[in-house]
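With PDB, C-alpha atoms inside, this is query28.pdb:
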```pdb
ATOM      1  CA  MET C  28      -8.443 -30.249 -24.928
ATOM      2  CA  ILE C  29      -6.099 -27.974 -26.873
ATOM      3  CA  GLU C  30      -8.907 -26.883 -29.155
ATOM      4  CA  LYS C  31     -11.126 -26.115 -26.149
ATOM      5  CA  PHE C  32      -8.315 -24.078 -24.561
ATOM      6  CA  ARG C  33      -7.878 -22.092 -27.764
ATOM      7  CA  ALA C  34     -11.597 -21.484 -28.029
ATOM      8  CA  ASP C  35     -11.821 -20.346 -24.413
ATOM      9  CA  PHE C  36      -8.757 -18.131 -24.799
ATOM     10  CA  TYR C  37     -10.232 -16.505 -27.892
ATOM     11  CA  GLN C  38     -13.611 -16.051 -26.215
ATOM     12  CA  ASN C  39     -12.172 -14.520 -23.044
ATOM     13  CA  PHE C  40      -9.319 -12.398 -24.338
ATOM     14  CA  ILE C  41      -9.269 -11.967 -28.119
ATOM     15  CA  LYS C  42     -12.908 -11.493 -29.041
ATOM     16  CA  ASP C  43     -14.014  -7.847 -28.805
ATOM     17  CA  ASP C  44     -10.516  -6.988 -27.484
ATOM     18  CA  ARG C  45     -11.488  -8.219 -24.019
ATOM     19  CA  TRP C  46      -7.815  -8.401 -23.048
ATOM     20  CA  LYS C  47      -8.003  -4.622 -22.682
ATOM     21  CA  TYR C  48     -10.092  -5.069 -19.532
ATOM     22  CA  ILE C  49      -7.089  -6.835 -18.002
ATOM     23  CA  THR C  50      -4.456  -4.350 -19.166
ATOM     24  CA  GLU C  51      -6.510  -1.280 -18.233
ATOM     25  CA  GLY C  52      -7.330  -2.845 -14.882
ATOM     26  CA  LEU C  53      -3.667  -3.632 -14.256
ATOM     27  CA  GLY C  54      -2.761  -0.029 -15.020
ATOM     28  CA  ASN C  55      -5.313   1.251 -12.501
ATOM     29  CA  THR C  56      -4.173  -1.264  -9.887
ATOM     30  CA  ILE C  57      -0.539  -0.183 -10.175
ATOM     31  CA  LYS C  58      -1.515   3.494 -10.226
ATOM     32  CA  ILE C  59      -3.633   3.179  -7.082
ATOM     33  CA  THR C  60      -0.957   1.155  -5.300
ATOM     34  CA  ILE C  61       1.920   3.533  -6.025
ATOM     35  CA  PHE C  62       0.103   6.733  -5.081
ATOM     36  CA  ALA C  63      -1.537   5.127  -2.037
ATOM     37  CA  VAL C  64       1.891   3.983  -0.818
ATOM     38  CA  LEU C  65       3.296   7.500  -1.204
ATOM     39  CA  LEU C  66       0.336   8.972   0.686
ATOM     40  CA  GLY C  67       0.597   6.256   3.332
ATOM     41  CA  ILE C  68       4.315   6.884   3.860
ATOM     42  CA  ALA C  69       3.802  10.646   4.212
ATOM     43  CA  LEU C  70       0.873  10.258   6.592
ATOM     44  CA  GLY C  71       2.485   7.422   8.524
ATOM     45  CA  PHE C  72       5.725   9.362   8.952
ATOM     46  CA  LEU C  73       3.841  12.358  10.351
ATOM     47  CA  VAL C  74       1.832  10.228  12.797
ATOM     48  CA  ALA C  75       4.943   8.312  13.883
ATOM     49  CA  MET C  76       6.832  11.539  14.572
ATOM     50  CA  ILE C  77       3.986  12.879  16.708
ATOM     51  CA  ARG C  78       3.584   9.660  18.690
ATOM     52  CA  SER C  79       7.315   9.087  19.241
ATOM     53  CA  THR C  80       7.769  12.733  20.267
ATOM     54  CA  TYR C  81       4.993  12.363  22.827
ATOM     55  CA  GLU C  82       6.487   9.142  24.181
ATOM     56  CA  LYS C  83       9.932  10.708  24.600
ATOM     57  CA  THR C  84       9.067  14.285  25.647
ATOM     58  CA  HIS C  85       5.366  14.133  26.651
ATOM     59  CA  LYS C  86       4.705  17.066  24.336
ATOM     60  CA  LEU C  87       2.033  17.260  21.597
ATOM     61  CA  GLY C  88      -0.524  15.545  23.840
ATOM     62  CA  LEU C  89      -3.588  16.645  21.861
ATOM     63  CA  LEU C  90      -2.069  15.629  18.525
ATOM     64  CA  ASN C  91      -1.038  12.304  20.036
ATOM     65  CA  LEU C  92      -4.630  11.724  21.154
ATOM     66  CA  LEU C  93      -5.912  12.446  17.635
ATOM     67  CA  CYS C  94      -3.310  10.081  16.190
ATOM     68  CA  ASN C  95      -4.383   7.320  18.575
ATOM     69  CA  ILE C  96      -8.010   7.787  17.537
ATOM     70  CA  TYR C  97      -6.987   7.645  13.875
ATOM     71  CA  LEU C  98      -4.987   4.447  14.406
ATOM     72  CA  THR C  99      -7.755   2.795  16.417
ATOM     73  CA  VAL C 100     -10.476   3.590  13.872
ATOM     74  CA  ILE C 101      -8.483   2.742  10.750
ATOM     75  CA  ARG C 102      -6.957  -0.472  12.061
ATOM     76  CA  GLY C 103     -10.239  -1.541  13.639
ATOM     77  CA  THR C 104     -12.432  -1.325  10.543
ATOM     78  CA  PRO C 105     -12.233  -3.164   7.190
ATOM     79  CA  VAL C 106     -10.567  -1.299   4.348
ATOM     80  CA  VAL C 107     -13.519  -1.968   2.037
ATOM     81  CA  ILE C 108     -15.838  -0.150   4.474
ATOM     82  CA  GLN C 109     -13.407   2.774   4.601
ATOM     83  CA  LEU C 110     -13.319   2.834   0.808
ATOM     84  CA  MET C 111     -17.109   2.990   0.520
ATOM     85  CA  ILE C 112     -17.412   5.611   3.274
ATOM     86  CA  ILE C 113     -14.922   7.881   1.509
ATOM     87  CA  TYR C 114     -16.607   7.516  -1.888
ATOM     88  CA  PHE C 115     -20.310   7.288  -0.982
ATOM     89  CA  VAL C 116     -20.363   9.382   2.219
ATOM     90  CA  VAL C 117     -17.451  11.821   2.355
ATOM     91  CA  PHE C 118     -17.562  12.616  -1.369
ATOM     92  CA  GLY C 119     -21.142  11.484  -1.891
ATOM     93  CA  SER C 120     -22.394  14.959  -2.791
ATOM     94  CA  VAL C 121     -19.588  15.830  -5.210
ATOM     95  CA  ARG C 122     -18.139  14.185  -8.286
ATOM     96  CA  ILE C 123     -14.732  12.681  -7.647
ATOM     97  CA  ASN C 124     -12.612  10.411  -9.784
ATOM     98  CA  LYS C 125     -12.970   6.853  -8.524
ATOM     99  CA  VAL C 126      -9.229   6.240  -8.782
ATOM    100  CA  VAL C 127      -8.542   9.342  -6.676
ATOM    101  CA  ALA C 128     -11.054   8.170  -4.068
ATOM    102  CA  SER C 129      -9.351   4.777  -4.025
ATOM    103  CA  VAL C 130      -5.926   6.362  -3.568
ATOM    104  CA  LEU C 131      -7.237   8.387  -0.622
ATOM    105  CA  ALA C 132      -8.905   5.374   1.003
ATOM    106  CA  PHE C 133      -5.986   2.982   0.611
ATOM    107  CA  GLY C 134      -3.454   5.702   1.439
ATOM    108  CA  ILE C 135      -5.217   6.612   4.686
ATOM    109  CA  ASN C 136      -5.521   2.925   5.562
ATOM    110  CA  SER C 137      -1.881   2.225   4.767
ATOM    111  CA  GLY C 138      -0.778   5.282   6.749
ATOM    112  CA  ALA C 139      -2.036   3.725   9.980
ATOM    113  CA  TYR C 140       0.171   0.664   9.513
ATOM    114  CA  VAL C 141       3.140   2.618   8.182
ATOM    115  CA  ALA C 142       2.917   4.864  11.256
ATOM    116  CA  GLU C 143       3.456   1.901  13.551
ATOM    117  CA  ILE C 144       6.291   0.651  11.367
ATOM    118  CA  PHE C 145       8.041   4.019  11.580
ATOM    119  CA  ARG C 146       7.326   4.383  15.290
ATOM    120  CA  SER C 147       8.758   0.965  16.063
ATOM    121  CA  GLY C 148      11.857   1.886  14.056
ATOM    122  CA  ILE C 149      12.293   5.144  15.964
ATOM    123  CA  MET C 150      11.748   3.519  19.350
ATOM    124  CA  SER C 151      14.248   0.771  18.506
ATOM    125  CA  ILE C 152      17.079   3.308  18.408
ATOM    126  CA  ASP C 153      18.963   3.430  21.701
ATOM    127  CA  ASN C 154      18.344   6.488  23.874
ATOM    128  CA  GLY C 155      22.090   7.033  23.889
ATOM    129  CA  GLN C 156      21.748   8.231  20.310
ATOM    130  CA  PHE C 157      19.392  10.984  21.465
ATOM    131  CA  GLU C 158      21.750  11.945  24.264
ATOM    132  CA  ALA C 159      24.681  12.025  21.857
ATOM    133  CA  GLY C 160      22.788  14.345  19.533
ATOM    134  CA  ARG C 161      21.812  16.686  22.326
ATOM    135  CA  SER C 162      25.377  16.725  23.645
ATOM    136  CA  LEU C 163      26.513  17.890  20.200
ATOM    137  CA  GLY C 164      24.188  20.864  20.518
ATOM    138  CA  PHE C 165      21.415  19.546  18.273
ATOM    139  CA  SER C 166      17.826  20.447  19.076
ATOM    140  CA  TYR C 167      15.268  17.636  19.357
ATOM    141  CA  PRO C 168      14.082  18.037  15.727
ATOM    142  CA  GLN C 169      17.687  18.130  14.479
ATOM    143  CA  THR C 170      18.542  15.024  16.484
ATOM    144  CA  MET C 171      15.540  13.224  15.016
ATOM    145  CA  PHE C 172      16.219  14.162  11.400
ATOM    146  CA  TYR C 173      20.028  13.909  11.325
ATOM    147  CA  ILE C 174      20.718  11.030  13.716
ATOM    148  CA  ILE C 175      17.615   8.984  14.561
ATOM    149  CA  MET C 176      15.573   8.892  11.353
ATOM    150  CA  PRO C 177      18.391   7.720   9.025
ATOM    151  CA  GLN C 178      18.968   4.719  11.303
ATOM    152  CA  ALA C 179      15.268   4.062  11.842
ATOM    153  CA  PHE C 180      14.484   4.333   8.128
ATOM    154  CA  LYS C 181      17.167   1.788   7.331
ATOM    155  CA  ASN C 182      15.684  -0.610   9.889
ATOM    156  CA  VAL C 183      12.123  -0.348   8.571
ATOM    157  CA  LEU C 184      12.779  -0.420   4.819
ATOM    158  CA  PRO C 185      12.042  -4.173   4.501
ATOM    159  CA  ALA C 186       8.784  -3.731   6.436
ATOM    160  CA  LEU C 187       7.809  -0.856   4.148
ATOM    161  CA  GLY C 188       8.475  -3.099   1.165
ATOM    162  CA  ASN C 189       6.164  -5.724   2.615
ATOM    163  CA  GLU C 190       3.503  -3.065   3.220
ATOM    164  CA  PHE C 191       3.686  -2.224  -0.499
ATOM    165  CA  ILE C 192       3.047  -5.881  -1.342
ATOM    166  CA  VAL C 193       0.096  -6.113   1.066
ATOM    167  CA  LEU C 194      -1.390  -2.905  -0.323
ATOM    168  CA  LEU C 195      -1.101  -4.199  -3.883
ATOM    169  CA  LYS C 196      -3.359  -7.122  -2.992
ATOM    170  CA  GLU C 197      -5.737  -5.006  -0.910
ATOM    171  CA  THR C 198      -6.559  -2.835  -3.931
ATOM    172  CA  SER C 199      -8.493  -5.789  -5.349
ATOM    173  CA  VAL C 200     -11.565  -4.504  -3.448
ATOM    174  CA  ALA C 201     -11.577  -1.209  -5.373
ATOM    175  CA  GLY C 202     -14.300  -2.677  -7.578
ATOM    176  CA  TYR C 203     -16.783  -2.028  -4.764
ATOM    177  CA  ILE C 204     -16.919   1.592  -5.981
ATOM    178  CA  ALA C 205     -16.837   0.521  -9.648
ATOM    179  CA  VAL C 206     -13.125   1.139 -10.210
ATOM    180  CA  GLN C 207     -11.951  -1.007 -13.090
ATOM    181  CA  ASP C 208      -8.913  -2.494 -11.415
ATOM    182  CA  LEU C 209      -7.356  -5.828 -12.312
ATOM    183  CA  THR C 210      -9.897  -7.880 -10.349
ATOM    184  CA  LYS C 211     -12.834  -5.909 -11.738
ATOM    185  CA  GLY C 212     -11.482  -6.262 -15.262
ATOM    186  CA  ALA C 213     -11.397 -10.037 -14.907
ATOM    187  CA  ASP C 214     -14.901 -10.022 -13.452
ATOM    188  CA  ILE C 215     -16.214  -7.966 -16.380
ATOM    189  CA  ILE C 216     -14.849 -10.578 -18.794
ATOM    190  CA  ARG C 217     -16.472 -13.306 -16.702
ATOM    191  CA  SER C 218     -19.820 -11.511 -16.879
ATOM    192  CA  ARG C 219     -19.551 -11.270 -20.684
ATOM    193  CA  THR C 220     -18.418 -14.822 -21.416
ATOM    194  CA  PHE C 221     -19.996 -16.669 -18.447
ATOM    195  CA  SER C 222     -16.625 -18.378 -18.092
ATOM    196  CA  ALA C 223     -14.983 -17.715 -14.729
ATOM    197  CA  PHE C 224     -11.890 -19.911 -14.828
ATOM    198  CA  MET C 225      -9.696 -18.246 -17.424
ATOM    199  CA  PRO C 226     -10.156 -14.518 -16.615
ATOM    200  CA  LEU C 227      -9.928 -15.047 -12.858
ATOM    201  CA  MET C 228      -6.898 -17.299 -13.207
ATOM    202  CA  ALA C 229      -5.273 -14.680 -15.452
ATOM    203  CA  ALA C 230      -5.837 -12.007 -12.778
ATOM    204  CA  ALA C 231      -4.533 -14.327 -10.075
ATOM    205  CA  MET C 232      -1.382 -15.108 -12.070
ATOM    206  CA  ILE C 233      -0.724 -11.407 -12.677
ATOM    207  CA  TYR C 234      -1.096 -10.647  -8.955
ATOM    208  CA  LEU C 235       1.179 -13.575  -8.152
ATOM    209  CA  SER C 236       3.781 -12.400 -10.670
ATOM    210  CA  LEU C 237       3.775  -8.849  -9.297
ATOM    211  CA  VAL C 238       4.029 -10.045  -5.698
ATOM    212  CA  THR C 239       6.865 -12.423  -6.625
ATOM    213  CA  ILE C 240       8.799  -9.629  -8.346
ATOM    214  CA  PHE C 241       8.328  -7.191  -5.470
ATOM    215  CA  SER C 242       9.171  -9.893  -2.912
ATOM    216  CA  TYR C 243      12.403 -10.581  -4.759
ATOM    217  CA  PHE C 244      13.433  -6.936  -4.553
ATOM    218  CA  VAL C 245      12.462  -6.745  -0.872
ATOM    219  CA  GLN C 246      14.609  -9.803  -0.134
ATOM    220  CA  ARG C 247      17.531  -8.294  -2.035
ATOM    221  CA  LEU C 248      17.105  -5.100  -0.051
ATOM    222  CA  GLU C 249      17.103  -7.040   3.221
ATOM    223  CA  ARG C 250      20.308  -8.880   2.244
ATOM    224  CA  ARG C 251      22.012  -5.622   1.247
ATOM    225  CA  LEU C 252      21.048  -4.001   4.548
ATOM    226  CA  ARG C 253      22.332  -7.009   6.490
ATOM    227  CA  ASN C 254      25.616  -6.938   4.579
ATOM    228  CA  SER C 255      26.053  -3.206   5.221
ATOM    229  CA  ASP C 256      25.902  -3.876   8.969
ATOM    230  CA  HIS C 257      29.045  -6.027   8.874
TER     231      HIS C 257
END
```

In C-alpha cells, write the structure found in this file.
Amino acid sequence: MIEKFRADFYQNFIKDDRWKYITEGLGNTIKITIFAVLLGIALGFLVAMIRSTYEKTHKLGLLNLLCNIYLTVIRGTPVVIQLMIIYFVVFGSVRINKVVASVLAFGINSGAYVAEIFRSGIMSIDNGQFEAGRSLGFSYPQTMFYIIMPQAFKNVLPALGNEFIVLLKETSVAGYIAVQDLTKGADIIRSRTFSAFMPLMAAAMIYLSLVTIFSYFVQRLERRLRNSDH
C-alpha cells in the first residue's frame, strides 16, 4: 500500500513538475478571491447606501430601482452563468485576461450579497442615532459617515468575513472559462494521469485548510467584537 501511495504521489505531483498546476491554481484562486471581495465590498457599499437612503428619505428613487433590478438579477441567476456571460458575451469581441473577467464576475456577484449585508447593518441602527446626528447639525451624509456607518460596519464585519469564505469556494467554477484555478489545476493533473483521487483530494484539502484558517480568524473577530460591547 505504501509503495502504491508513493507511486501515485510521484505520478500525480512529482513527474513533469505537475505540482505546479496546484500551486499556480492556488495563486489564481487567492488572487481572484481577494480582488473580487474588494470589488464586491465597494459595489455593495454603494448599493446599500442608495437603498438605505431611499428607505429613510425616499430620495434617489431611480437609482434605488436600478439597484433592485441589479439585486434581483444577480441573486436570481447562477454565478457560473454570470461568469460565462461576462467572458463570452460582454467581452466576447475583445481580448480580456481570464483572471480579470473572473474578478469582475465574482465581484459583481458578491456585491449583491454584500449590499444586503451592509443595508441590514445600516437599518439595524436605531433611528435615534439619526436624530442625534441631525440635532448636532450634521447633514444626512455626515450623519451616515460619522455616526451610522462606524456602528453598522462593526455589526456586519463577521458577515463580511463569512462572505469572503463563501466567495473563496465559489471561485472553483472559474474553470468554465479556462482559468487555471485550484480546481482546474487538479483536473488538469487528473486528465494527464487518469487518476482522480489524489489530485482532487489535494485540492479539497487545500480548500478545507483555507476555509478553516479564515473561519478561525472570523470567529476571533466575532469574539473581539462581543468583548468590546461589554

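Nearest residue to Asn124 in chain C among C:Ala205, C:Leu252, C:Ala229, C:Val183 is C:Ala205, counting all atoms listed in the file.
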
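Each of C:Ser162, C:Leu66, C:Ile57, C:Val206 was compared to Val238 in chain C using only C-alpha atoms, and C:Ile57 turns out to be the nearest.
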
Just so the selection is clear, what residues does the PyMOL selection byres ((chain C and resi 194) around 10) cover here, as a count of residues only?
20

Once the PyMOL selection byres ((chain C and resi 78) around 9) has been evaluated on this model, what residues remain selected, and can you format them as JSON, numbers by chain?
{"C": [73, 74, 75, 76, 77, 79, 80, 81, 82, 83, 87, 88, 90, 91, 92, 94, 95, 142, 146]}

Determine, counting only C-alpha atoms, which protein, DNA and RNA residues have an atom within 8 Å of an atom of Ile204 in chain C; residues of the same chain fewer than 3 positions away are not included. Present the result as a ChimeraX atom specification.
/C:110-111,114,125,201

List, as a PDB file with C-alpha atoms, in the coordinates of the input, every residue that the PyMOL selection byres ((chain C and resi 209-223) around 7) selects in the file provided.
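Final output, saved to result-v2.pdb:
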```pdb
ATOM      1  CA  GLN C  38     -13.611 -16.051 -26.215  1.00  0.00           C
ATOM      2  CA  ASN C  39     -12.172 -14.520 -23.044  1.00  0.00           C
ATOM      3  CA  ARG C  45     -11.488  -8.219 -24.019  1.00  0.00           C
ATOM      4  CA  TYR C  48     -10.092  -5.069 -19.532  1.00  0.00           C
ATOM      5  CA  ILE C  49      -7.089  -6.835 -18.002  1.00  0.00           C
ATOM      6  CA  GLY C  52      -7.330  -2.845 -14.882  1.00  0.00           C
ATOM      7  CA  LEU C  53      -3.667  -3.632 -14.256  1.00  0.00           C
ATOM      8  CA  THR C  56      -4.173  -1.264  -9.887  1.00  0.00           C
ATOM      9  CA  SER C 199      -8.493  -5.789  -5.349  1.00  0.00           C
ATOM     10  CA  GLY C 202     -14.300  -2.677  -7.578  1.00  0.00           C
ATOM     11  CA  GLN C 207     -11.951  -1.007 -13.090  1.00  0.00           C
ATOM     12  CA  ASP C 208      -8.913  -2.494 -11.415  1.00  0.00           C
ATOM     13  CA  PHE C 224     -11.890 -19.911 -14.828  1.00  0.00           C
ATOM     14  CA  MET C 225      -9.696 -18.246 -17.424  1.00  0.00           C
ATOM     15  CA  PRO C 226     -10.156 -14.518 -16.615  1.00  0.00           C
ATOM     16  CA  LEU C 227      -9.928 -15.047 -12.858  1.00  0.00           C
ATOM     17  CA  ALA C 230      -5.837 -12.007 -12.778  1.00  0.00           C
TER      18      ALA C 230
END
```

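In this model, the gap between CA of Arg161 in chain C and CA of Phe180 in chain C comes to 20.2 Å.
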